[in-house]
>>> print(open('start_9.tsv').read())   # TSV, C-alpha atoms and all ligand atoms
chain	number	residue	atom	x	y	z
C	4	MET	CA	110.89	166.16	-17.36
C	5	ILE	CA	114.48	165.01	-17.65
C	6	HIS	CA	116.61	167.82	-16.33
C	7	SER	CA	119.69	168.88	-18.23
C	8	SER	CA	123.35	168.36	-17.41
C	9	ASP	CA	123.71	171.89	-16.08
C	10	GLU	CA	121.28	171.13	-13.30
C	11	ALA	CA	122.96	167.91	-12.18
C	12	ALA	CA	123.97	169.19	-8.76
C	13	SER	CA	120.71	170.94	-8.11
C	14	PRO	CA	117.56	169.53	-9.69
C	15	SER	CA	115.08	172.06	-10.97
C	16	GLY	CA	114.48	174.74	-8.39
C	17	ASP	CA	116.69	173.14	-5.69
C	18	ASN	CA	118.46	176.00	-3.99
C	19	GLY	CA	118.54	174.07	-0.73
C	20	THR	CA	115.01	175.08	0.30
C	21	LEU	CA	113.18	171.97	-0.92
C	22	ALA	CA	112.23	169.36	1.69
C	23	PRO	CA	114.96	166.78	2.43
C	24	ALA	CA	112.82	163.94	1.04
C	25	THR	CA	112.54	165.82	-2.25
C	26	ARG	CA	116.23	166.65	-2.39
C	27	VAL	CA	117.56	163.15	-1.76
C	28	ALA	CA	115.30	161.81	-4.53
C	29	HIS	CA	117.20	163.83	-7.14
C	30	LEU	CA	120.60	165.04	-5.92
C	31	GLY	CA	123.54	164.07	-8.10
C	32	LEU	CA	121.43	162.59	-10.90
C	33	ASP	CA	121.90	163.66	-14.50
C	34	PRO	CA	119.85	161.38	-16.78
C	35	ALA	CA	120.47	163.54	-19.87
C	36	ARG	CA	124.16	162.60	-19.68
C	37	PHE	CA	123.37	158.87	-19.71
C	38	ASP	CA	120.82	158.53	-22.53
C	39	GLY	CA	117.95	159.04	-20.11
C	40	PHE	CA	118.85	156.32	-17.64
C	41	VAL	CA	117.85	157.60	-14.21
C	42	ASN	CA	121.03	156.43	-12.48
C	43	PRO	CA	124.61	156.89	-13.68
C	44	PRO	CA	126.26	153.67	-14.91
C	45	VAL	CA	128.62	151.72	-12.65
C	46	VAL	CA	131.83	152.72	-14.41
C	47	ARG	CA	134.74	150.33	-13.88
C	48	GLY	CA	138.00	151.73	-15.07
C	49	SER	CA	141.52	152.80	-14.33
C	50	THR	CA	142.76	154.25	-17.64
C	51	VAL	CA	140.98	157.22	-19.18
C	52	LEU	CA	142.02	157.87	-22.80
C	53	SER	CA	142.64	161.34	-24.21
C	54	PRO	CA	141.63	162.00	-27.84
C	55	THR	CA	144.74	164.05	-28.70
C	56	TYR	CA	148.23	164.79	-27.43
C	57	LYS	CA	147.10	168.32	-26.61
C	58	ASP	CA	144.22	167.03	-24.47
C	59	LEU	CA	146.54	164.60	-22.66
C	60	VAL	CA	149.21	167.11	-21.68
C	61	GLY	CA	146.66	169.87	-21.10
C	62	HIS	CA	144.49	167.68	-18.79
C	63	THR	CA	141.37	168.86	-20.60
C	64	GLY	CA	139.21	165.82	-19.79
C	65	ARG	CA	136.56	165.71	-17.08
C	66	TYR	CA	138.27	162.60	-15.68
C	67	SER	CA	141.98	161.79	-15.60
C	68	TYR	CA	142.43	158.41	-13.95
C	69	GLY	CA	140.15	155.89	-12.26
C	70	ARG	CA	141.52	156.50	-8.78
C	71	ARG	CA	140.72	160.20	-9.09
C	72	GLY	CA	137.03	159.60	-9.77
C	73	ASN	CA	134.56	158.55	-12.43
C	74	PRO	CA	130.88	159.29	-13.23
C	75	THR	CA	129.64	156.86	-10.54
C	76	THR	CA	131.69	158.23	-7.67
C	77	GLU	CA	131.23	161.81	-8.88
C	78	ALA	CA	127.42	161.47	-8.75
C	79	LEU	CA	127.53	160.52	-5.07
C	80	GLN	CA	130.09	163.20	-4.20
C	81	THR	CA	127.98	165.86	-5.92
C	82	ALA	CA	124.89	164.74	-4.02
C	83	ILE	CA	126.59	164.70	-0.62
C	84	THR	CA	128.16	168.12	-1.19
C	85	ALA	CA	124.74	169.60	-1.97
C	86	LEU	CA	123.09	167.83	0.97
C	87	GLU	CA	125.80	168.92	3.43
C	88	GLY	CA	126.10	172.43	2.00
C	89	GLY	CA	129.90	172.02	1.84
C	90	ASP	CA	132.52	173.14	-0.69
C	91	GLY	CA	133.26	169.55	-1.71
C	92	THR	CA	133.16	165.87	-0.71
C	93	VAL	CA	135.57	162.96	-0.92
C	94	LEU	CA	134.59	159.31	-0.54
C	95	THR	CA	136.53	156.75	1.47
C	96	PRO	CA	136.21	152.94	1.77
C	97	SER	CA	134.83	153.05	5.35
C	98	GLY	CA	133.64	155.43	8.02
C	99	LEU	CA	136.84	154.95	10.01
C	100	SER	CA	139.00	155.79	6.98
C	101	ALA	CA	136.96	158.99	6.53
C	102	ILE	CA	137.92	159.90	10.10
C	103	SER	CA	141.60	159.00	9.69
C	104	VAL	CA	141.95	160.77	6.32
C	105	ALA	CA	140.26	163.90	7.69
C	106	LEU	CA	142.54	163.99	10.75
C	107	LEU	CA	145.67	163.34	8.67
C	108	SER	CA	144.62	166.17	6.35
C	109	LEU	CA	144.63	168.76	9.12
C	110	LEU	CA	147.31	167.58	11.56
C	111	GLY	CA	151.09	167.29	11.52
C	112	ALA	CA	153.99	166.70	13.92
C	113	GLY	CA	153.87	169.05	16.91
C	114	ASP	CA	150.15	169.74	16.58
C	115	HIS	CA	147.61	169.30	19.37
C	116	LEU	CA	144.17	167.75	18.89
C	117	LEU	CA	141.15	168.12	21.18
C	118	MET	CA	139.02	164.99	20.94
C	119	VAL	CA	135.65	164.45	22.60
C	120	ASP	CA	135.89	161.73	25.28
C	121	THR	CA	132.73	160.01	24.04
C	122	THR	CA	134.00	159.47	20.51
C	123	TYR	CA	133.61	156.22	18.56
C	124	ARG	CA	136.16	153.87	20.11
C	125	PRO	CA	138.22	153.14	16.94
C	126	THR	CA	138.63	156.94	16.48
C	127	ARG	CA	140.23	157.05	19.90
C	128	ASN	CA	142.47	154.14	18.96
C	129	PHE	CA	143.66	156.02	15.84
C	130	CYS	CA	144.57	159.06	17.96
C	131	ASP	CA	146.33	157.02	20.65
C	132	LYS	CA	148.38	154.98	18.17
C	133	ALA	CA	148.86	156.38	14.65
C	134	LEU	CA	148.57	160.09	15.49
C	135	LYS	CA	150.77	159.71	18.56
C	136	ARG	CA	153.45	157.96	16.47
C	137	LEU	CA	153.36	160.87	14.02
C	138	GLY	CA	153.92	163.40	16.80
C	139	VAL	CA	150.34	164.63	17.31
C	140	GLU	CA	149.23	164.97	20.91
C	141	THR	CA	145.57	164.30	21.77
C	142	THR	CA	143.68	165.67	24.78
C	143	TYR	CA	140.23	164.21	25.51
C	144	PHE	CA	137.51	166.52	26.77
C	145	ASP	CA	134.13	166.21	28.47
C	146	PRO	CA	131.30	166.23	25.88
C	147	LEU	CA	129.48	168.78	28.08
C	148	VAL	CA	132.39	171.25	27.93
C	149	GLY	CA	130.54	173.82	25.76
C	150	ALA	CA	132.26	177.22	25.59
C	151	GLY	CA	134.67	175.94	28.28
C	152	ILE	CA	136.62	174.40	25.37
C	153	ALA	CA	138.42	177.79	25.24
C	154	GLU	CA	140.43	176.85	28.35
C	155	LEU	CA	141.73	173.68	26.69
C	156	ILE	CA	143.04	175.38	23.55
C	157	ARG	CA	146.82	175.69	23.45
C	158	PRO	CA	148.98	177.69	21.03
C	159	ASN	CA	149.55	174.50	18.99
C	160	THR	CA	145.93	173.27	19.04
C	161	ARG	CA	145.02	172.78	15.40
C	162	ALA	CA	141.72	170.88	15.49
C	163	ILE	CA	138.73	169.98	17.68
C	164	PHE	CA	136.86	166.76	16.91
C	165	LEU	CA	133.22	166.37	17.94
C	166	GLU	CA	130.69	163.56	17.85
C	167	SER	CA	127.17	164.36	19.00
C	168	PRO	CA	125.47	162.50	20.49
C	169	GLY	CA	128.36	160.47	21.94
C	170	SER	CA	129.03	156.87	20.97
C	171	GLN	CA	127.17	154.36	23.16
C	172	SER	CA	126.19	156.90	25.84
C	173	PHE	CA	124.50	159.62	23.71
C	174	GLU	CA	125.64	162.85	25.45
C	175	MET	CA	124.72	165.91	23.38
C	176	GLN	CA	127.42	168.49	22.65
C	177	ASP	CA	126.84	172.23	22.30
C	178	VAL	CA	128.27	172.38	18.78
C	179	PRO	CA	127.71	176.12	18.08
C	180	ALA	CA	129.29	177.08	21.44
C	181	ILE	CA	132.39	175.06	20.53
C	182	THR	CA	132.64	176.17	16.89
C	183	SER	CA	132.34	179.85	17.77
C	184	VAL	CA	135.32	179.53	20.13
C	185	ALA	CA	137.23	177.52	17.52
C	186	ARG	CA	136.58	180.06	14.74
C	187	ALA	CA	137.74	182.93	16.93
C	188	ARG	CA	140.95	181.05	17.75
C	189	GLY	CA	141.64	179.80	14.21
C	190	VAL	CA	141.18	176.13	15.14
C	191	PHE	CA	139.58	173.64	12.70
C	192	THR	CA	136.49	171.71	13.82
C	193	LEU	CA	135.46	168.25	12.62
C	194	ILE	CA	132.40	166.20	13.51
C	195	ASP	CA	131.45	162.55	13.17
C	196	ASN	CA	127.81	163.12	12.17
C	197	THR	CA	126.92	159.48	11.48
C	198	TRP	CA	124.07	159.38	14.05
C	199	ALA	CA	122.12	162.35	12.70
C	200	THR	CA	123.18	162.32	9.03
C	201	PRO	CA	122.99	165.71	7.28
C	202	LEU	CA	119.19	165.27	7.19
C	203	PHE	CA	118.81	165.68	10.96
C	204	PHE	CA	121.82	167.89	11.74
C	205	ARG	CA	123.72	170.11	9.30
C	206	PRO	CA	127.24	170.60	10.68
C	207	HIS	CA	128.42	173.29	8.24
C	208	ALA	CA	125.41	175.47	9.13
C	209	PHE	CA	126.64	175.31	12.74
C	210	GLY	CA	130.17	176.40	11.87
C	211	VAL	CA	131.84	172.96	11.59
C	212	ASP	CA	134.63	172.80	8.96
C	213	VAL	CA	134.63	169.05	8.30
C	214	SER	CA	131.52	166.83	8.38
C	215	ILE	CA	132.12	163.08	8.39
C	216	GLN	CA	129.61	160.28	7.87
C	217	ALA	CA	130.08	156.55	8.12
C	218	GLY	CA	127.98	155.96	4.98
C	219	THR	CA	128.11	152.34	6.13
C	220	LYS	CA	125.21	153.15	8.45
C	221	TYR	CA	122.15	155.06	7.21
C	222	LEU	CA	123.39	156.13	3.78
C	223	GLY	CA	123.90	152.48	2.78
C	224	GLY	CA	120.98	151.47	4.97
C	225	HIS	CA	121.03	147.77	4.12
C	226	ALA	CA	123.99	146.30	6.05
C	227	ASP	CA	125.75	145.52	2.77
C	228	LEU	CA	128.27	148.35	2.46
C	229	ASN	CA	131.29	150.02	4.05
C	230	LEU	CA	131.68	153.64	2.94
C	231	GLY	CA	132.77	156.99	4.32
C	232	THR	CA	132.12	160.58	3.25
C	233	ILE	CA	134.06	163.73	4.16
C	234	SER	CA	132.42	167.05	3.34
C	235	ALA	CA	134.42	170.19	4.10
C	236	VAL	CA	134.44	173.96	3.66
C	237	GLY	CA	137.11	176.60	3.08
C	238	LYS	CA	140.76	175.87	3.83
C	239	ALA	CA	139.81	172.53	5.39
C	240	TRP	CA	138.32	171.43	2.06
C	241	THR	CA	141.56	172.28	0.21
C	242	LEU	CA	143.56	170.25	2.74
C	243	VAL	CA	141.18	167.25	2.75
C	244	LEU	CA	141.08	167.09	-1.06
C	245	ALA	CA	144.88	167.21	-1.31
C	246	THR	CA	145.58	164.59	1.38
C	247	HIS	CA	142.85	162.25	0.11
C	248	GLY	CA	144.48	162.42	-3.34
C	249	ASP	CA	148.04	162.08	-2.02
C	250	MET	CA	147.10	158.98	-0.03
C	251	GLY	CA	145.50	157.28	-3.02
C	252	ILE	CA	142.18	156.72	-1.32
C	253	CYS	CA	139.32	155.69	-3.61
C	254	VAL	CA	136.13	153.63	-3.48
C	255	SER	CA	134.81	151.08	-5.92
C	256	PRO	CA	132.09	152.19	-8.36
C	257	ASP	CA	129.85	149.39	-7.03
C	258	ASP	CA	130.06	150.80	-3.51
C	259	ALA	CA	129.46	154.36	-4.73
C	260	ALA	CA	126.37	153.13	-6.60
C	261	LEU	CA	125.06	151.45	-3.43
C	262	GLY	CA	125.62	154.70	-1.53
C	263	SER	CA	123.71	156.64	-4.19
C	264	ARG	CA	120.89	154.11	-4.14
C	265	GLY	CA	120.65	154.32	-0.35
C	266	LEU	CA	120.45	158.11	-0.57
C	267	ARG	CA	117.15	157.95	-2.50
C	268	THR	CA	115.31	156.40	0.45
C	269	LEU	CA	117.31	158.00	3.26
C	270	ALA	CA	114.62	160.50	4.28
C	271	VAL	CA	111.75	158.02	4.38
C	272	ARG	CA	113.83	155.42	6.23
C	273	LEU	CA	115.09	157.93	8.80
C	274	GLU	CA	111.56	159.18	9.43
C	275	ARG	CA	110.57	155.61	10.29
C	276	HIS	CA	113.70	154.94	12.40
C	277	HIS	CA	112.97	158.18	14.28
C	278	ALA	CA	109.33	157.34	15.01
C	279	SER	CA	109.90	153.66	15.84
C	280	GLY	CA	113.02	154.39	17.90
C	281	LEU	CA	111.16	156.93	20.00
C	282	GLU	CA	108.16	154.65	20.46
C	283	VAL	CA	110.37	151.79	21.66
C	284	ALA	CA	112.43	154.17	23.84
C	285	ARG	CA	109.28	155.47	25.55
C	286	TRP	CA	108.06	151.92	26.14
C	287	LEU	CA	111.41	150.95	27.65
C	288	ALA	CA	111.51	154.07	29.85
C	289	ALA	CA	108.27	152.86	31.44
C	290	SER	CA	109.49	149.26	31.94
C	291	PRO	CA	110.00	148.14	35.56
C	292	TYR	CA	113.24	146.38	34.48
C	293	VAL	CA	114.84	149.48	32.98
C	294	SER	CA	116.66	152.09	35.04
C	295	ARG	CA	117.28	154.75	32.32
C	296	VAL	CA	116.99	155.23	28.59
C	297	LEU	CA	119.75	157.29	26.90
C	298	HIS	CA	117.98	158.93	23.97
C	299	PRO	CA	118.29	162.71	23.37
C	300	ALA	CA	114.82	162.98	21.80
C	301	LEU	CA	113.21	161.90	25.10
C	302	GLU	CA	112.11	164.95	27.12
C	303	SER	CA	113.71	163.40	30.23
C	304	ASP	CA	117.17	163.14	28.59
C	305	PRO	CA	119.84	165.56	29.93
C	306	GLY	CA	120.75	166.50	26.33
C	307	HIS	CA	117.18	167.06	25.17
C	308	ALA	CA	117.29	170.88	25.08
C	309	ILE	CA	120.34	170.91	22.81
C	310	TRP	CA	118.90	168.17	20.60
C	311	LYS	CA	115.67	170.14	20.23
C	312	ARG	CA	117.49	173.37	19.48
C	313	ASP	CA	119.90	172.00	16.84
C	314	PHE	CA	118.54	168.72	15.43
C	315	SER	CA	115.44	168.00	13.35
C	316	GLY	CA	115.20	164.29	14.14
C	317	ALA	CA	116.69	161.24	15.81
C	318	CYS	CA	117.78	157.98	14.22
C	319	GLY	CA	117.01	154.50	15.52
C	320	LEU	CA	120.10	154.14	17.73
C	321	PHE	CA	119.98	154.61	21.51
C	322	SER	CA	120.95	152.88	24.75
C	323	LEU	CA	119.41	151.80	28.02
C	324	ILE	CA	120.66	150.90	31.46
C	325	LEU	CA	118.93	147.90	32.98
C	326	LYS	CA	118.22	147.65	36.69
C	327	PRO	CA	120.97	145.50	38.24
C	328	VAL	CA	120.71	141.79	37.35
C	329	PRO	CA	123.40	139.07	37.25
C	330	GLU	CA	125.31	138.62	33.98
C	331	ALA	CA	123.63	135.26	33.39
C	332	ALA	CA	120.25	137.03	33.30
C	333	VAL	CA	121.63	139.57	30.81
C	334	ALA	CA	122.74	136.67	28.64
C	335	THR	CA	119.23	135.20	28.91
C	336	PHE	CA	117.80	138.54	27.70
C	337	PHE	CA	120.05	138.68	24.63
C	338	ASP	CA	119.60	135.02	23.74
C	339	ALA	CA	115.80	135.33	24.07
C	340	LEU	CA	115.56	138.16	21.50
C	341	LYS	CA	114.11	136.88	18.24
C	342	LEU	CA	113.89	139.98	16.01
C	343	PHE	CA	117.10	141.64	17.21
C	344	GLY	CA	120.38	140.46	15.78
C	345	MET	CA	123.46	140.59	17.97
C	346	GLY	CA	126.20	142.33	16.06
C	347	TYR	CA	128.14	145.52	15.42
C	348	SER	CA	127.37	148.30	13.01
C	349	TRP	CA	123.84	149.75	12.68
C	350	GLY	CA	121.80	151.91	10.32
C	351	GLY	CA	120.45	149.01	8.29
C	352	PHE	CA	116.82	147.90	8.00
C	353	GLU	CA	117.22	145.41	10.85
C	354	SER	CA	117.04	145.76	14.62
C	355	LEU	CA	120.23	145.04	16.55
C	356	ALA	CA	121.28	144.74	20.19
C	357	ILE	CA	124.69	144.70	21.89
C	358	PRO	CA	125.87	144.95	25.50
C	359	PHE	CA	128.49	147.63	26.23
C	360	ASP	CA	130.66	149.05	28.98
C	361	CYS	CA	132.51	152.33	28.32
C	362	SER	CA	134.56	152.30	31.54
C	363	ASP	CA	137.74	151.08	29.78
C	364	TYR	CA	137.75	153.79	27.12
C	365	ARG	CA	136.86	157.05	28.80
C	366	THR	CA	139.56	159.25	30.35
C	367	ALA	CA	138.16	162.79	30.70
C	368	THR	CA	134.86	161.56	32.13
C	369	ARG	CA	133.81	158.58	34.24
C	370	TRP	CA	131.27	156.11	32.89
C	371	GLN	CA	128.85	155.28	35.68
C	372	ALA	CA	126.11	152.78	34.99
C	373	GLU	CA	123.96	151.47	37.81
C	374	GLY	CA	123.24	148.27	35.89
C	375	PRO	CA	124.05	146.43	32.64
C	376	ALA	CA	124.13	148.70	29.57
C	377	VAL	CA	122.51	147.75	26.25
C	378	ARG	CA	122.65	149.54	22.90
C	379	LEU	CA	119.72	149.04	20.55
C	380	HIS	CA	119.27	149.83	16.90
C	381	ILE	CA	115.57	149.99	16.04
C	382	GLY	CA	115.14	148.81	12.47
C	383	LEU	CA	112.27	149.07	10.02
C	384	GLU	CA	110.19	146.24	11.50
C	385	ALA	CA	106.74	147.17	12.91
C	386	PRO	CA	107.28	148.79	16.35
C	387	ALA	CA	104.58	146.63	17.98
C	388	ASP	CA	106.53	143.50	16.99
C	389	ILE	CA	109.80	145.00	18.26
C	390	ILE	CA	108.19	145.90	21.59
C	391	ALA	CA	106.63	142.45	21.94
C	392	ASP	CA	110.05	140.89	21.33
C	393	LEU	CA	111.69	143.09	24.00
C	394	ASP	CA	108.79	142.39	26.37
C	395	GLN	CA	109.18	138.61	26.23
C	396	ALA	CA	113.01	138.82	26.45
C	397	LEU	CA	112.87	141.12	29.51
C	398	ALA	CA	110.38	138.75	31.16
C	399	LYS	CA	112.75	135.80	30.58
C	400	MET	CA	115.64	137.90	31.93
C	401	GLN	CA	113.69	138.66	35.10
C	402	ALA	CA	112.76	135.00	35.54
C	403	ALA	CA	116.49	134.12	35.31
C	404	ALA	CA	117.59	136.86	37.75
P	1	LIG	C1	130.39	152.65	12.43
P	1	LIG	C2	130.91	153.99	12.78
P	1	LIG	C3	132.06	154.48	12.21
P	1	LIG	C4	132.94	153.66	11.31
P	1	LIG	O1	132.35	153.22	10.12
P	1	LIG	P1	133.00	151.96	9.40
P	1	LIG	O2	132.46	151.97	8.04
P	1	LIG	O3	132.61	150.77	10.21
P	1	LIG	O4	134.49	152.16	9.43
P	1	LIG	C5	132.45	155.75	12.55
P	1	LIG	N1	131.73	156.50	13.41
P	1	LIG	C6	130.63	156.06	13.98
P	1	LIG	C7	129.88	156.94	14.93
P	1	LIG	C8	130.17	154.78	13.69
P	1	LIG	O5	129.08	154.32	14.30
>>> encode(input="start_9.tsv", output="structure tokens", more="lines below")
Ligand SMILES: *Cc1c(COP(=O)(O)O)cnc(C)c1O
Amino acid sequence: MIHSSDEAASPSGDNGTLAPATRVAHLGLDPARFDGFVNPPVVRGSTVLSPTYKDLVGHTGRYSYGRRGNPTTEALQTAITALEGGDGTVLTPSGLSAISVALLSLLGAGDHLLMVDTTYRPTRNFCDKALKRLGVETTYFDPLVGAGIAELIRPNTRAIFLESPGSQSFEMQDVPAITSVARARGVFTLIDNTWATPLFFRPHAFGVDVSIQAGTKYLGGHADLNLGTISAVGKAWTLVLATHGDMGICVSPDDAALGSRGLRTLAVRLERHHASGLEVARWLAASPYVSRVLHPALESDPGHAIWKRDFSGACGLFSLILKPVPEAAVATFFDALKLFGMGYSWGGFESLAIPFDCSDYRTATRWQAEGPAVRLHIGLEAPADIIADLDQALAKMQAAA
């Protein structure tokens, strides 16, 4: 059955209780509006014509101007809002611009921001440069702070920014402990939820005001897109919508269509990333060349209890610390990998590996690694092939050590 326009945001019977795989297959679609075509057309356009003078001056149309949205971008926004359970969603041209627009929406000169120390590095850069120049002071805090965040709140603290698990090092944050303090003190909370996506962790249900995704990663899912989404509730939504509009931020209809297409397979891909990632992580944890695996879904991980309490899955991204070997041996390991690409970003169908060292960009905590650190993204290849590739590369590394 083709559902009617009225049900666009919530396909037949979807009051949020259907399984995620069912929801992502339909959210935002409205075939009856587009002559039965399953997907909305890719609408290119700046000018939107009004039929009469009265319509023009009365702003009666559903759309007003290309920058302010069209059927293609609206379909994705509608879907993300329903998936996140927010009051509304805006799209941005990248994950980082979603972060910067969200922060600029809530902060002004004289305000204080609490930022998790383990945040994505470019987020930190934005705080230390642009926000500082605009008169916003940032204090970094330990991701394990929990309810202790209360002691860091000042009279001018306006927002707390979370990212769980942390970038590169995967520390889990106690989100509900932090949001309950923030709510009581009238402080906004934001989260970079790119790792979990709203399928594995639902920020608004845990009291977070602003939920950000780098849609570049799992939403796109094919390493061919840069996109950001900001979902928000209450007063934060009013502020985000206004600032996003004032700044003139918009995304191309082609990119919005790719985001919508990625959404249809998000649940099935994440299920596979979860299972394969965990299988590879367990294999690595048992390797004689590996000191530790940083993956919150592993029972041995320090953040496992929080992950189990709040999250319903893990994606394919995690890290490991190798036992000490010379840098030349690390280079041998990376160069020997055949299935893993070496490159930034993640969330696509392909496996990726990068070395990292957080010691230069942590200030509230100290990064201590007993050996070389490696971040892996486990793609959609068969796990046995991925493990065999790691096995031969680790053996070559050891031979070169
Ligand atoms: C990649 C990433 C971003 C930024 O997304 P871009 O589209 O590259 O700007 C933000 N947060 C996290 C956690 C990311 O991994």
>>> residues_around(input="start_9.tsv", residues="region 47-50 of chain C", least_positions_apart="5", cutoff="9 Å", atoms="all atoms listed in the file", output="ChimeraX atom specification")
/C:67-70,73,75,255-257
>>> write_last_selection(input="start_9.tsv", atoms="C-alpha atoms", output="mmCIF file, in the frame of the given file")
data_model
loop_
_atom_site.group_PDB
_atom_site.id
_atom_site.type_symbol
_atom_site.label_atom_id
_atom_site.label_comp_id
_atom_site.auth_asym_id
_atom_site.auth_seq_id
_atom_site.Cartn_x
_atom_site.Cartn_y
_atom_site.Cartn_z
ATOM 1 C CA SER C 67 141.980 161.790 -15.600
ATOM 2 C CA TYR C 68 142.430 158.410 -13.950
ATOM 3 C CA GLY C 69 140.150 155.890 -12.260
ATOM 4 C CA ARG C 70 141.520 156.500 -8.780
ATOM 5 C CA ASN C 73 134.560 158.550 -12.430
ATOM 6 C CA THR C 75 129.640 156.860 -10.540
ATOM 7 C CA SER C 255 134.810 151.080 -5.920
ATOM 8 C CA PRO C 256 132.090 152.190 -8.360
ATOM 9 C CA ASP C 257 129.850 149.390 -7.030
#
>>> closest_residue(input="start_9.tsv", among="C:Ala332, C:Val283, C:Ala162, C:Leu107", to="Gly189 (chain C)", atoms="only C-alpha atoms")
C:Ala162
>>> axis_aligned_box(input="start_9.tsv", around="ligand LIG 1 (chain P)", padding_each_side="8 Å", output="lines of an AutoDock Vina configuration file")
center_x = 131.8
center_y = 153.9
center_z = 11.5
size_x = 21.4
size_y = 22.2
size_z = 22.9
>>> closest_residue(input="start_9.tsv", among="C:Val45, C:Ala185, C:Ala300, C:Cys318", to="ligand LIG 1 (chain P)", atoms="only C-alpha atoms and all ligand atoms")
C:Cys318
>>> atom_distance(input="start_9.tsv", atom1="CA of Asp388 (chain C)", atom2="CA of Arg264 (chain C)")
27.7 Å
>>> residues_near_ligand(input="start_9.tsv", ligand="ligand LIG 1 (chain P)", cutoff="7 Å", atoms="all atoms listed in the file", output="ChimeraX atom specification")
/C:97-100,123,170,195,197-198,217-220,229-231,348
>>> residues_around(input="start_9.tsv", residues="Glu154 (chain C)", least_positions_apart="3", cutoff="12 Å", atoms="only C-alpha atoms", output="VMD selection string")
chain C and resid 117 144 148 to 151 157 to 158 160 181 184 to 185 188
>>> atom_distance(input="start_9.tsv", atom1="CA of Pro358 (chain C)", atom2="CA of Val377 (chain C)")
4.4 Å
>>> atom_distance(input="start_9.tsv", atom1="CA of Val46 (chain C)", atom2="CA of Arg272 (chain C)")
27.5 Å
>>> closest_residue(input="start_9.tsv", among="C:Thr76, C:Thr142, C:Thr63, C:Gln171", to="Tyr347 (chain C)", atoms="all atoms listed in the file")
C:Gln171
>>> closest_residue(input="start_9.tsv", among="C:Phe191, C:Gly237, C:Val41, C:Ala28", to="Gly91 (chain C)", atoms="only C-alpha atoms")
C:Gly237
>>> closest_residue(input="start_9.tsv", among="C:Phe359, C:Phe337, C:Trp240, C:Trp370", to="Gln395 (chain C)", atoms="all atoms listed in the file")
C:Phe337
>>> residues_near_point(input="start_9.tsv", point="(149.6, 171.3, 16.6)", cutoff="7 Å", atoms="all atoms listed in the file", output="PyMOL selection string")
chain C and resi 110-116+139+159-161
>>> residues_around(input="start_9.tsv", residues="region 371-373 of chain C", least_positions_apart="3", cutoff="9 Å", atoms="only C-alpha atoms", output="ChimeraX atom specification")
/C:294,324-327,360-362,376
>>> residues_around(input="start_9.tsv", residues="Ala339 (chain C)", least_positions_apart="2", cutoff="8 Å", atoms="all atoms listed in the file", output="list in words")
Thr335, Phe336, Phe337, Lys341, Gln395, Ala396 and Lys399 of chain C
>>> residues_near_point(input="start_9.tsv", point="(112.7, 141.5, 24.8)", cutoff="12 Å", atoms="only C-alpha atoms", output="PyMOL selection string")
chain C and resi 283+286-287+290+292-293+333-344+354-356+377+379+387-401
>>> build_atoms(input="start_9.tsv", residues="region 65-72 of chain C", atoms="N, CA, C and O atoms", output="mmCIF file, in the coordinates of the input")
data_model
loop_
_atom_site.group_PDB
_atom_site.id
_atom_site.type_symbol
_atom_site.label_atom_id
_atom_site.label_comp_id
_atom_site.auth_asym_id
_atom_site.auth_seq_id
_atom_site.Cartn_x
_atom_site.Cartn_y
_atom_site.Cartn_z
ATOM 1 N N ARG C 65 137.297 165.627 -18.346
ATOM 2 C CA ARG C 65 136.560 165.710 -17.080
ATOM 3 C C ARG C 65 137.138 164.733 -16.060
ATOM 4 O O ARG C 65 137.103 164.969 -14.862
ATOM 5 N N TYR C 66 137.656 163.606 -16.558
ATOM 6 C CA TYR C 66 138.270 162.600 -15.680
ATOM 7 C C TYR C 66 139.695 162.369 -16.155
ATOM 8 O O TYR C 66 139.998 162.525 -17.343
ATOM 9 N N SER C 67 140.574 161.974 -15.223
ATOM 10 C CA SER C 67 141.980 161.790 -15.600
ATOM 11 C C SER C 67 142.453 160.370 -15.386
ATOM 12 O O SER C 67 143.250 159.832 -16.145
ATOM 13 N N TYR C 68 141.942 159.728 -14.327
ATOM 14 C CA TYR C 68 142.430 158.410 -13.950
ATOM 15 C C TYR C 68 141.416 157.816 -12.976
ATOM 16 O O TYR C 68 140.831 158.562 -12.170
ATOM 17 N N GLY C 69 141.199 156.521 -13.057
ATOM 18 C CA GLY C 69 140.150 155.890 -12.260
ATOM 19 C C GLY C 69 140.194 156.221 -10.780
ATOM 20 O O GLY C 69 139.160 156.489 -10.151
ATOM 21 N N ARG C 70 141.392 156.236 -10.219
ATOM 22 C CA ARG C 70 141.520 156.500 -8.780
ATOM 23 C C ARG C 70 141.026 157.887 -8.408
ATOM 24 O O ARG C 70 140.587 158.128 -7.284
ATOM 25 N N ARG C 71 141.112 158.817 -9.360
ATOM 26 C CA ARG C 71 140.720 160.200 -9.090
ATOM 27 C C ARG C 71 139.229 160.464 -9.333
ATOM 28 O O ARG C 71 138.791 161.595 -9.255
ATOM 29 N N GLY C 72 138.481 159.422 -9.640
ATOM 30 C CA GLY C 72 137.030 159.600 -9.770
ATOM 31 C C GLY C 72 136.502 159.261 -11.148
ATOM 32 O O GLY C 72 137.232 159.301 -12.137
#
